[in-house]
file data-v5.txt (compact mmCIF, C-alpha atoms and all ligand atoms)
# COMPACT_ATOMS: atom_id res chain seq x y z
CA VAL A 1 35.76 175.90 198.90
CA ARG A 2 38.29 178.67 198.60
CA HIS A 3 36.95 182.15 198.22
CA MET A 4 37.10 183.72 194.75
CA LYS A 5 37.96 187.41 194.80
CA MET A 6 35.68 189.25 192.42
CA GLY A 7 37.16 192.77 192.47
CA CYS A 8 39.64 195.26 193.93
CA LYS A 9 38.95 196.72 197.34
CA LYS A 10 40.27 200.23 196.73
CA PRO A 11 39.10 201.90 193.52
CA PRO A 12 42.16 202.54 191.32
CA ASN A 13 42.89 205.99 189.92
CA GLN A 14 43.43 204.86 186.37
CA SER A 15 43.34 201.81 184.14
CA THR A 16 46.46 199.77 183.32
CA LEU A 17 45.97 200.33 179.60
CA LYS A 18 48.69 202.07 177.61
CA GLY A 19 49.18 203.91 174.35
CA LEU A 20 45.62 205.18 174.02
CA ASN A 21 44.46 208.17 172.04
CA PRO A 22 45.73 211.36 173.77
CA CYS A 23 42.51 213.14 172.76
CA LEU A 24 40.28 210.89 174.89
CA PRO A 25 40.23 213.31 177.88
CA CYS A 26 38.78 215.97 175.57
CA LEU A 27 35.79 213.81 174.64
CA LYS A 28 33.25 214.95 177.15
CA PRO A 29 31.15 212.92 176.80
CA ASP A 30 32.47 210.06 174.70
CA PHE A 31 29.77 208.10 172.88
CA LEU A 32 30.54 204.42 172.42
CA TYR A 33 28.16 204.36 169.50
CA HIS A 34 28.08 200.61 168.74
CA LEU A 35 27.74 199.72 172.42
CA GLY A 36 24.96 202.26 172.92
CA MET A 37 26.63 203.88 175.94
CA ASP A 38 28.26 207.17 176.76
CA THR A 39 30.43 208.51 179.54
CA ALA A 40 27.81 211.10 180.56
CA THR A 41 25.00 208.68 181.35
CA THR A 42 26.91 205.53 182.34
CA ASN A 43 29.14 205.47 185.40
CA PHE A 44 31.84 203.28 183.88
CA PRO A 45 33.95 202.73 187.04
CA LYS A 46 30.84 201.71 188.96
CA VAL A 47 29.33 199.45 186.30
CA PHE A 48 32.46 197.98 184.70
CA GLY A 49 35.32 198.77 187.12
CA ASP A 50 35.45 195.19 188.42
CA VAL A 51 35.86 193.61 184.95
CA ARG A 52 38.87 191.28 184.81
CA PHE A 53 38.09 189.12 181.79
CA VAL A 54 36.61 190.19 178.49
CA CYS A 55 35.52 187.18 176.47
CA MET A 56 34.26 187.62 172.96
CA GLY A 57 32.81 185.40 170.30
CA GLY A 58 31.01 185.66 167.00
CA THR A 59 27.36 185.10 167.83
CA PRO A 60 24.92 186.30 170.51
CA GLY A 61 23.76 182.73 171.20
CA ARG A 62 27.28 181.51 171.84
CA MET A 63 28.10 184.37 174.17
CA GLU A 64 24.83 184.08 176.03
CA ARG A 65 25.54 180.39 176.60
CA PHE A 66 29.02 181.33 177.76
CA ALA A 67 27.60 183.94 180.17
CA TYR A 68 25.26 181.35 181.71
CA ARG A 69 28.12 178.86 181.95
CA ILE A 70 30.32 181.40 183.76
CA MET A 71 27.44 182.37 186.01
CA LYS A 72 27.03 178.72 187.02
CA ASP A 73 30.77 178.08 187.39
CA LEU A 74 31.35 181.21 189.49
CA ARG A 75 28.05 180.72 191.32
CA LEU A 76 26.96 184.24 190.42
CA LYS A 77 23.80 185.93 189.31
CA LEU A 78 23.70 187.32 185.76
CA SER A 79 23.31 190.95 186.61
CA PRO A 80 22.73 193.07 184.71
CA VAL A 81 22.04 191.33 181.41
CA THR A 82 22.22 194.06 178.86
CA THR A 83 21.59 193.70 175.19
CA LEU A 84 23.18 196.68 173.57
CA ARG A 85 21.63 198.30 170.58
CA ASN A 86 22.70 200.71 167.94
CA MET A 87 20.95 204.02 167.59
CA THR A 88 18.51 202.77 164.96
CA ASP A 89 17.41 200.10 167.41
CA GLY A 90 18.94 197.27 165.39
CA HIS A 91 21.26 195.06 167.40
CA ARG A 92 24.97 195.34 166.74
CA PHE A 93 26.78 193.67 169.60
CA ALA A 94 25.31 191.88 172.61
CA LEU A 95 27.01 192.21 175.97
CA TYR A 96 26.52 190.23 179.17
CA LYS A 97 28.27 191.03 182.42
CA VAL A 98 28.71 188.21 184.91
CA GLY A 99 30.65 189.53 187.90
CA PRO A 100 34.20 190.17 186.68
CA VAL A 101 33.53 188.59 183.26
CA LEU A 102 32.25 190.49 180.28
CA CYS A 103 30.85 188.33 177.46
CA VAL A 104 30.51 190.19 174.17
CA THR A 105 29.73 189.32 170.57
CA HIS A 106 32.04 190.56 167.84
CA GLY A 107 30.36 189.61 164.56
CA MET A 108 32.40 188.33 161.63
CA GLY A 109 35.69 189.64 160.33
CA CYS A 110 38.34 192.19 161.32
CA PRO A 111 36.30 195.34 160.55
CA SER A 112 33.57 194.21 162.94
CA ILE A 113 35.83 193.10 165.80
CA SER A 114 38.00 196.21 165.35
CA ILE A 115 35.02 198.55 165.92
CA LEU A 116 34.09 196.56 169.01
CA LEU A 117 37.65 196.57 170.36
CA HIS A 118 38.07 200.34 170.00
CA GLU A 119 34.94 200.82 172.09
CA LEU A 120 35.65 198.05 174.61
CA ILE A 121 39.20 199.30 175.15
CA LYS A 122 37.83 202.78 175.81
CA MET A 123 35.27 201.23 178.14
CA MET A 124 38.08 199.50 180.11
CA HIS A 125 39.95 202.79 180.23
CA TYR A 126 37.00 204.85 181.46
CA ALA A 127 36.10 202.12 183.96
CA LYS A 128 39.71 202.15 185.29
CA CYS A 129 39.97 198.37 184.90
CA GLN A 130 43.10 196.70 186.21
CA ASN A 131 44.93 194.31 183.87
CA PRO A 132 41.90 192.95 182.04
CA VAL A 133 42.57 189.81 179.99
CA PHE A 134 40.83 189.56 176.61
CA ILE A 135 40.01 186.16 175.13
CA ARG A 136 38.35 185.42 171.80
CA ILE A 137 36.51 182.10 171.70
CA GLY A 138 34.99 180.63 168.61
CA THR A 139 35.06 178.16 165.78
CA CYS A 140 37.61 177.86 163.01
CA GLY A 141 38.67 175.78 160.04
CA GLY A 142 41.53 173.45 160.92
CA ILE A 143 44.40 172.63 158.60
CA GLY A 144 45.42 168.97 158.99
CA ILE A 145 43.93 168.62 162.48
CA GLU A 146 40.99 166.54 163.72
CA PRO A 147 37.68 168.44 163.93
CA GLY A 148 36.94 169.05 167.60
CA THR A 149 40.55 170.01 168.36
CA VAL A 150 40.89 173.27 170.26
CA VAL A 151 43.49 175.63 168.83
CA ILE A 152 45.13 178.25 171.02
CA SER A 153 46.81 180.69 168.66
CA SER A 154 50.52 181.34 169.16
CA GLU A 155 50.31 184.27 166.77
CA ALA A 156 47.92 185.64 164.19
CA LEU A 157 49.21 185.89 160.63
CA ASP A 158 47.76 187.84 157.75
CA CYS A 159 47.26 186.10 154.41
CA LYS A 160 50.79 187.02 153.35
CA LEU A 161 51.98 185.10 156.44
CA ASN A 162 53.13 188.24 158.24
CA PRO A 163 52.36 188.52 161.97
CA CYS A 164 50.69 191.86 161.52
CA TYR A 165 47.39 193.64 161.15
CA GLU A 166 47.39 196.11 158.30
CA VAL A 167 45.18 199.18 158.27
CA ILE A 168 45.07 202.01 155.78
CA VAL A 169 45.27 205.26 157.74
CA GLN A 170 44.98 208.50 155.81
CA GLY A 171 45.79 206.61 152.60
CA LYS A 172 48.92 204.98 153.98
CA ILE A 173 49.47 201.37 155.03
CA VAL A 174 50.12 201.04 158.76
CA GLN A 175 51.12 197.68 160.23
CA HIS A 176 50.62 196.59 163.83
CA CYS A 177 52.19 193.49 165.35
CA SER A 178 49.68 190.68 165.86
CA LYS A 179 51.68 188.34 168.09
CA LEU A 180 49.83 186.99 171.12
CA ASP A 181 50.81 186.46 174.76
CA GLN A 182 52.81 183.20 174.84
CA CYS A 183 52.49 182.66 178.60
CA LEU A 184 48.72 183.02 178.46
CA ALA A 185 48.57 180.56 175.54
CA GLN A 186 50.66 178.02 177.52
CA GLU A 187 48.58 178.53 180.63
CA LEU A 188 45.36 177.90 178.71
CA ARG A 189 46.88 174.85 177.03
CA SER A 190 47.90 173.42 180.40
CA LEU A 191 44.26 173.40 181.49
CA ALA A 192 43.22 170.87 178.83
CA ASN A 193 43.69 167.38 180.12
CA PRO A 194 44.07 164.80 177.34
CA CYS A 195 44.13 161.92 179.87
CA GLU A 196 40.54 162.35 180.96
CA VAL A 197 37.48 162.08 178.72
CA ASP A 198 38.37 165.44 177.41
CA PHE A 199 39.58 167.13 174.26
CA GLU A 200 42.84 167.90 172.58
CA ALA A 201 44.15 171.46 172.73
CA ILE A 202 47.13 172.51 170.67
CA ILE A 203 49.09 175.72 170.21
CA GLY A 204 49.76 176.83 166.66
CA LYS A 205 49.75 179.68 164.20
CA THR A 206 46.43 181.05 162.97
CA ILE A 207 45.95 182.63 159.60
CA CYS A 208 43.40 185.41 159.58
CA ALA A 209 41.52 185.70 156.28
CA ASP A 210 39.37 188.58 155.07
CA ASP A 211 36.99 186.23 153.35
CA PHE A 212 35.41 182.84 154.08
CA TYR A 213 35.53 181.51 150.50
CA GLU A 214 38.30 182.55 148.09
CA GLY A 215 40.28 184.10 150.95
CA GLN A 216 40.50 180.65 152.54
CA SER A 217 40.98 178.84 149.23
CA ARG A 218 37.57 177.16 149.30
CA LEU A 219 36.24 175.52 146.16
CA ASP A 220 32.57 176.13 146.97
CA GLY A 221 32.19 179.91 146.75
CA ALA A 222 30.16 181.71 144.07
CA PHE A 223 33.48 182.32 142.31
CA CYS A 224 36.59 180.18 142.09
CA ASP A 225 39.48 180.75 139.68
CA TYR A 226 41.82 178.04 141.02
CA THR A 227 41.90 174.26 141.06
CA SER A 228 41.50 171.67 143.80
CA HIS A 229 45.14 170.80 143.18
CA SER A 230 46.35 174.36 143.89
CA LYS A 231 44.05 174.56 146.92
CA ILE A 232 45.68 171.50 148.50
CA ALA A 233 49.17 172.74 147.61
CA TYR A 234 48.36 176.08 149.29
CA LEU A 235 47.00 174.46 152.46
CA LEU A 236 49.94 172.05 152.73
CA GLY A 237 52.29 175.03 152.33
CA LEU A 238 50.53 176.75 155.24
CA LYS A 239 50.79 173.58 157.32
CA ASP A 240 54.55 173.43 156.60
CA ASN A 241 54.79 176.97 157.99
CA GLY A 242 53.21 175.88 161.28
CA VAL A 243 49.72 177.21 160.50
CA VAL A 244 47.02 175.01 162.03
CA ASN A 245 43.83 176.98 161.46
CA PHE A 246 41.98 179.80 159.71
CA ASP A 247 39.88 182.44 161.38
CA MET A 248 38.72 185.89 160.34
CA GLU A 249 39.38 188.12 163.36
CA SER A 250 42.65 187.15 165.03
CA THR A 251 45.02 189.76 163.53
CA ALA A 252 42.81 192.70 164.50
CA PHE A 253 42.12 191.16 167.90
CA ALA A 254 45.81 190.49 168.63
CA ALA A 255 47.03 193.84 167.32
CA LEU A 256 44.48 196.08 169.04
CA THR A 257 44.83 194.36 172.42
CA LYS A 258 48.62 194.43 172.15
CA ARG A 259 48.62 198.15 171.37
CA ALA A 260 46.66 198.77 174.58
CA ASN A 261 48.99 196.57 176.70
CA ILE A 262 46.24 194.00 177.20
CA ARG A 263 47.13 190.30 177.54
CA SER A 264 45.04 188.33 175.10
CA ALA A 265 44.42 184.89 173.64
CA VAL A 266 42.48 183.28 170.81
CA VAL A 267 40.89 179.90 171.60
CA CYS A 268 38.93 178.33 168.74
CA VAL A 269 37.63 174.86 168.08
CA SER A 270 38.06 173.41 164.60
CA VAL A 271 34.82 172.31 162.94
CA ILE A 272 36.38 170.97 159.74
CA ASP A 273 39.70 169.76 158.36
CA ARG A 274 40.14 171.99 155.33
CA ILE A 275 42.49 169.50 153.70
CA LYS A 276 39.56 167.08 153.54
CA GLY A 277 36.80 169.49 152.52
CA ASP A 278 35.26 172.94 152.41
CA GLN A 279 31.66 172.58 153.55
CA ILE A 280 30.94 172.15 157.23
CA ARG A 281 29.01 168.90 157.25
CA ALA A 282 29.63 167.70 160.77
CA CYS A 283 26.32 166.96 162.51
CA PRO A 284 24.95 169.92 164.49
CA LYS A 285 25.12 167.86 167.70
CA SER A 286 28.88 167.33 167.30
CA VAL A 287 29.41 171.00 166.40
CA SER A 288 27.52 172.15 169.46
CA GLU A 289 29.54 169.73 171.65
CA TRP A 290 32.79 171.00 170.13
CA GLU A 291 31.71 174.62 170.64
CA LYS A 292 31.58 173.96 174.38
CA ARG A 293 35.30 173.18 174.48
CA PRO A 294 36.73 176.73 174.22
CA ARG A 295 34.11 177.81 176.77
CA GLU A 296 35.19 174.99 179.09
CA LEU A 297 38.88 175.87 178.78
CA VAL A 298 38.32 179.59 179.34
CA SER A 299 36.02 178.94 182.29
CA ARG A 300 38.72 176.73 183.84
CA TYR A 301 41.23 179.53 183.31
CA ILE A 302 39.01 182.20 184.89
CA ARG A 303 38.26 180.00 187.90
CA LYS A 304 41.94 179.19 188.33
CA VAL A 305 42.97 182.86 188.24
CA LEU A 306 40.27 183.86 190.72
CA LEU A 307 41.01 180.95 193.07
CA ASP A 308 44.78 181.46 192.97
CA GLU A 309 44.54 185.07 194.18
C1 LIG A 401 34.88 181.74 162.22
O1 LIG A 401 33.61 181.55 161.79
C2 LIG A 401 33.19 182.71 161.05
C3 LIG A 401 33.01 182.35 159.61
O2 LIG A 401 32.05 181.35 159.45
C4 LIG A 401 34.26 183.75 161.28
O3 LIG A 401 33.84 184.75 162.17
C5 LIG A 401 35.30 182.98 161.94
O4 LIG A 401 36.46 183.53 162.28
call {"tool": "encode", "arguments": {"input": "data-v5.txt", "output": "structure tokens", "more": "lines below"}}
Ligand code: R2B
result
Amino acid sequence: VRHMKMGCKKPPNQSTLKGLNPCLPCLKPDFLYHLGMDTATTNFPKVFGDVRFVCMGGTPGRMERFAYRIMKDLRLKLSPVTTLRNMTDGHRFALYKVGPVLCVTHGMGCPSISILLHELIKMMHYAKCQNPVFIRIGTCGGIGIEPGTVVISSEALDCKLNPCYEVIVQGKIVQHCSKLDQCLAQELRSLANPCEVDFEAIIGKTICADDFYEGQSRLDGAFCDYTSHSKIAYLLGLKDNGVVNFDMESTAFAALTKRANIRSAVVCVSVIDRIKGDQIRACPKSVSEWEKRPRELVSRYIRKVLLDE
């Protein structure tokens, strides 16, 4: 068994991140409010300096399962397991550190993942992490693909089909590019083996919606002012533009990581073909089997990177 390197020997002077807020050095200390940590009481280089992979997903259960999976695959001890709390003692995000892998929950939607990314990116910066790779794993709604198919996003599009994440800053619209790292997407794709008893993984465009129901043209929300006919026409139009799935976080995830010079990927398994329906009716056993697939692919990737060094 080849040895997996888990960290750098010499502590680096600074992180490899770029383009960060020039005011950060003045924040003494900086409180990462939603992670429940600050730079005065946590020694970031010591605790997080060895982080190489930041994997995030929607729910605490999913990320805990991923943490245990990584622990088993890397033959490591889960140490420390930290559940992070907000200041009112209600849980916001959960975070597990397994050697060089950080497993974090991001909640639902761009506002939630954006808060997390601001704080995680600052964490990487304060910890002086070297070239961390960020990967979002999760579930998604497929468009004309078999449920169970893993989608690796080539780029994240907003609902106007632009590859950008739009934020309103001081009353003005600011757009950030939400294209993803093509080499990383290809590398992840190459680790799925359709010849074995395995799963299909495809690369395609992801549309990031701000809503689960009307925003994704579902017919089963509390409100619906369109017809099933226009829904299908809309989805087929997306398919013609190379869109293969819907999620609700990819534009913010792609744009914020890109701004910080972080390589990143989105790997989601489809739990429904939206052309055939809106409600997720697949049996829970199938869904939980499918949910393992992004974890499997990302674990293969992490092991490959660590073994190849
Ligand atoms: C996938 O699943 C969630 C909605 O059910 C959302 O976070 C997403 O992107």
call {"tool": "residues_near_ligand", "arguments": {"input": "data-v5.txt", "ligand": "ligand LIG 401 (chain A)", "cutoff": "10 Å", "atoms": "all atoms listed in the file", "output": "ChimeraX atom specification"}}
result
/A:57-59,106-110,112-113,136-141,207-213,245-250,268-271,280
call {"tool": "residues_around", "arguments": {"input": "data-v5.txt", "residues": "stretch 184-193 of chain A", "least_positions_apart": "6", "cutoff": "9 Å", "atoms": "all atoms listed in the file", "output": "PyMOL selection string"}}
result
chain A and resi 151-154+199-203+263-267+297-298+300-301
call {"tool": "write_last_selection", "arguments": {"input": "data-v5.txt", "atoms": "C-alpha atoms", "output": "PDB file, keeping the file's coordinate frame"}}
result
ATOM      1  CA  VAL A 151      43.490 175.630 168.830  1.00  0.00           C
ATOM      2  CA  ILE A 152      45.130 178.250 171.020  1.00  0.00           C
ATOM      3  CA  SER A 153      46.810 180.690 168.660  1.00  0.00           C
ATOM      4  CA  SER A 154      50.520 181.340 169.160  1.00  0.00           C
ATOM      5  CA  PHE A 199      39.580 167.130 174.260  1.00  0.00           C
ATOM      6  CA  GLU A 200      42.840 167.900 172.580  1.00  0.00           C
ATOM      7  CA  ALA A 201      44.150 171.460 172.730  1.00  0.00           C
ATOM      8  CA  ILE A 202      47.130 172.510 170.670  1.00  0.00           C
ATOM      9  CA  ILE A 203      49.090 175.720 170.210  1.00  0.00           C
ATOM     10  CA  ARG A 263      47.130 190.300 177.540  1.00  0.00           C
ATOM     11  CA  SER A 264      45.040 188.330 175.100  1.00  0.00           C
ATOM     12  CA  ALA A 265      44.420 184.890 173.640  1.00  0.00           C
ATOM     13  CA  VAL A 266      42.480 183.280 170.810  1.00  0.00           C
ATOM     14  CA  VAL A 267      40.890 179.900 171.600  1.00  0.00           C
ATOM     15  CA  LEU A 297      38.880 175.870 178.780  1.00  0.00           C
ATOM     16  CA  VAL A 298      38.320 179.590 179.340  1.00  0.00           C
ATOM     17  CA  ARG A 300      38.720 176.730 183.840  1.00  0.00           C
ATOM     18  CA  TYR A 301      41.230 179.530 183.310  1.00  0.00           C
TER      19      TYR A 301
END
call {"tool": "residues_around", "arguments": {"input": "data-v5.txt", "residues": "A:Gly19", "least_positions_apart": "4", "cutoff": "10 Å", "atoms": "all atoms listed in the file", "output": "ChimeraX atom specification"}}
result
/A:258-261
call {"tool": "write_last_selection", "arguments": {"input": "data-v5.txt", "atoms": "C-alpha atoms", "output": "JSON list (two decimals), in the coordinates of the input"}}
result
[["chain", "number", "residue", "atom", "x", "y", "z"],
["A", 258, "LYS", "CA", 48.62, 194.43, 172.15],
["A", 259, "ARG", "CA", 48.62, 198.15, 171.37],
["A", 260, "ALA", "CA", 46.66, 198.77, 174.58],
["A", 261, "ASN", "CA", 48.99, 196.57, 176.70]]
call {"tool": "closest_residue", "arguments": {"input": "data-v5.txt", "among": "A:Asn162, A:Ser299, A:Thr149, A:Ser217", "to": "A:Asp198", "atoms": "all atoms listed in the file"}}
result
A:Thr149
call {"tool": "closest_residue", "arguments": {"input": "data-v5.txt", "among": "A:His34, A:Arg52, A:Lys46, A:Arg69", "to": "A:Leu306", "atoms": "all atoms listed in the file"}}
result
A:Arg52
call {"tool": "closest_residue", "arguments": {"input": "data-v5.txt", "among": "A:Gly99, A:Pro45, A:Pro12, A:Gly242", "to": "A:Lys122", "atoms": "all atoms listed in the file"}}
result
A:Pro45
call {"tool": "axis_aligned_box", "arguments": {"input": "data-v5.txt", "around": "stretch 173-182 of chain A", "padding_each_side": "4 Å", "output": "lines of an AutoDock Vina configuration file"}}
result
center_x = 51.1
center_y = 192.3
center_z = 164.9
size_x = 11.3
size_y = 26.2
size_z = 27.8
call {"tool": "atom_distance", "arguments": {"input": "data-v5.txt", "atom1": "atom CA of A:His229", "atom2": "atom CA of A:Gly148"}}
result
25.8 Å
call {"tool": "residues_around", "arguments": {"input": "data-v5.txt", "residues": "stretch 236-239 of chain A", "least_positions_apart": "2", "cutoff": "12 Å", "atoms": "only C-alpha atoms", "output": "compact mmCIF listing (two decimals) with C-alpha atoms, keeping the file's coordinate frame"}}
result
# COMPACT_ATOMS: atom_id res chain seq x y z
CA GLY A 142 41.53 173.45 160.92
CA ILE A 143 44.40 172.63 158.60
CA GLY A 144 45.42 168.97 158.99
CA ILE A 145 43.93 168.62 162.48
CA LEU A 157 49.21 185.89 160.63
CA ASP A 158 47.76 187.84 157.75
CA CYS A 159 47.26 186.10 154.41
CA LYS A 160 50.79 187.02 153.35
CA LEU A 161 51.98 185.10 156.44
CA GLY A 204 49.76 176.83 166.66
CA LYS A 205 49.75 179.68 164.20
CA THR A 206 46.43 181.05 162.97
CA ILE A 207 45.95 182.63 159.60
CA GLN A 216 40.50 180.65 152.54
CA SER A 217 40.98 178.84 149.23
CA HIS A 229 45.14 170.80 143.18
CA SER A 230 46.35 174.36 143.89
CA LYS A 231 44.05 174.56 146.92
CA ILE A 232 45.68 171.50 148.50
CA ALA A 233 49.17 172.74 147.61
CA TYR A 234 48.36 176.08 149.29
CA ASN A 241 54.79 176.97 157.99
CA GLY A 242 53.21 175.88 161.28
CA VAL A 243 49.72 177.21 160.50
CA VAL A 244 47.02 175.01 162.03
CA ASN A 245 43.83 176.98 161.46
CA PHE A 246 41.98 179.80 159.71
CA ASP A 273 39.70 169.76 158.36
CA ARG A 274 40.14 171.99 155.33
CA ILE A 275 42.49 169.50 153.70
CA LYS A 276 39.56 167.08 153.54
call {"tool": "atom_distance", "arguments": {"input": "data-v5.txt", "atom1": "atom CA of A:Leu180", "atom2": "atom CA of A:Ala254"}}
result
5.9 Å
call {"tool": "closest_residue", "arguments": {"input": "data-v5.txt", "among": "A:Ala127, A:Ile70, A:Phe93, A:Met63", "to": "A:Ile115", "atoms": "all atoms listed in the file"}}
result
A:Phe93
call {"tool": "closest_residue", "arguments": {"input": "data-v5.txt", "among": "A:Asn43, A:Thr251, A:Asn21, A:Gln14", "to": "A:Gln175", "atoms": "all atoms listed in the file"}}
result
A:Thr251
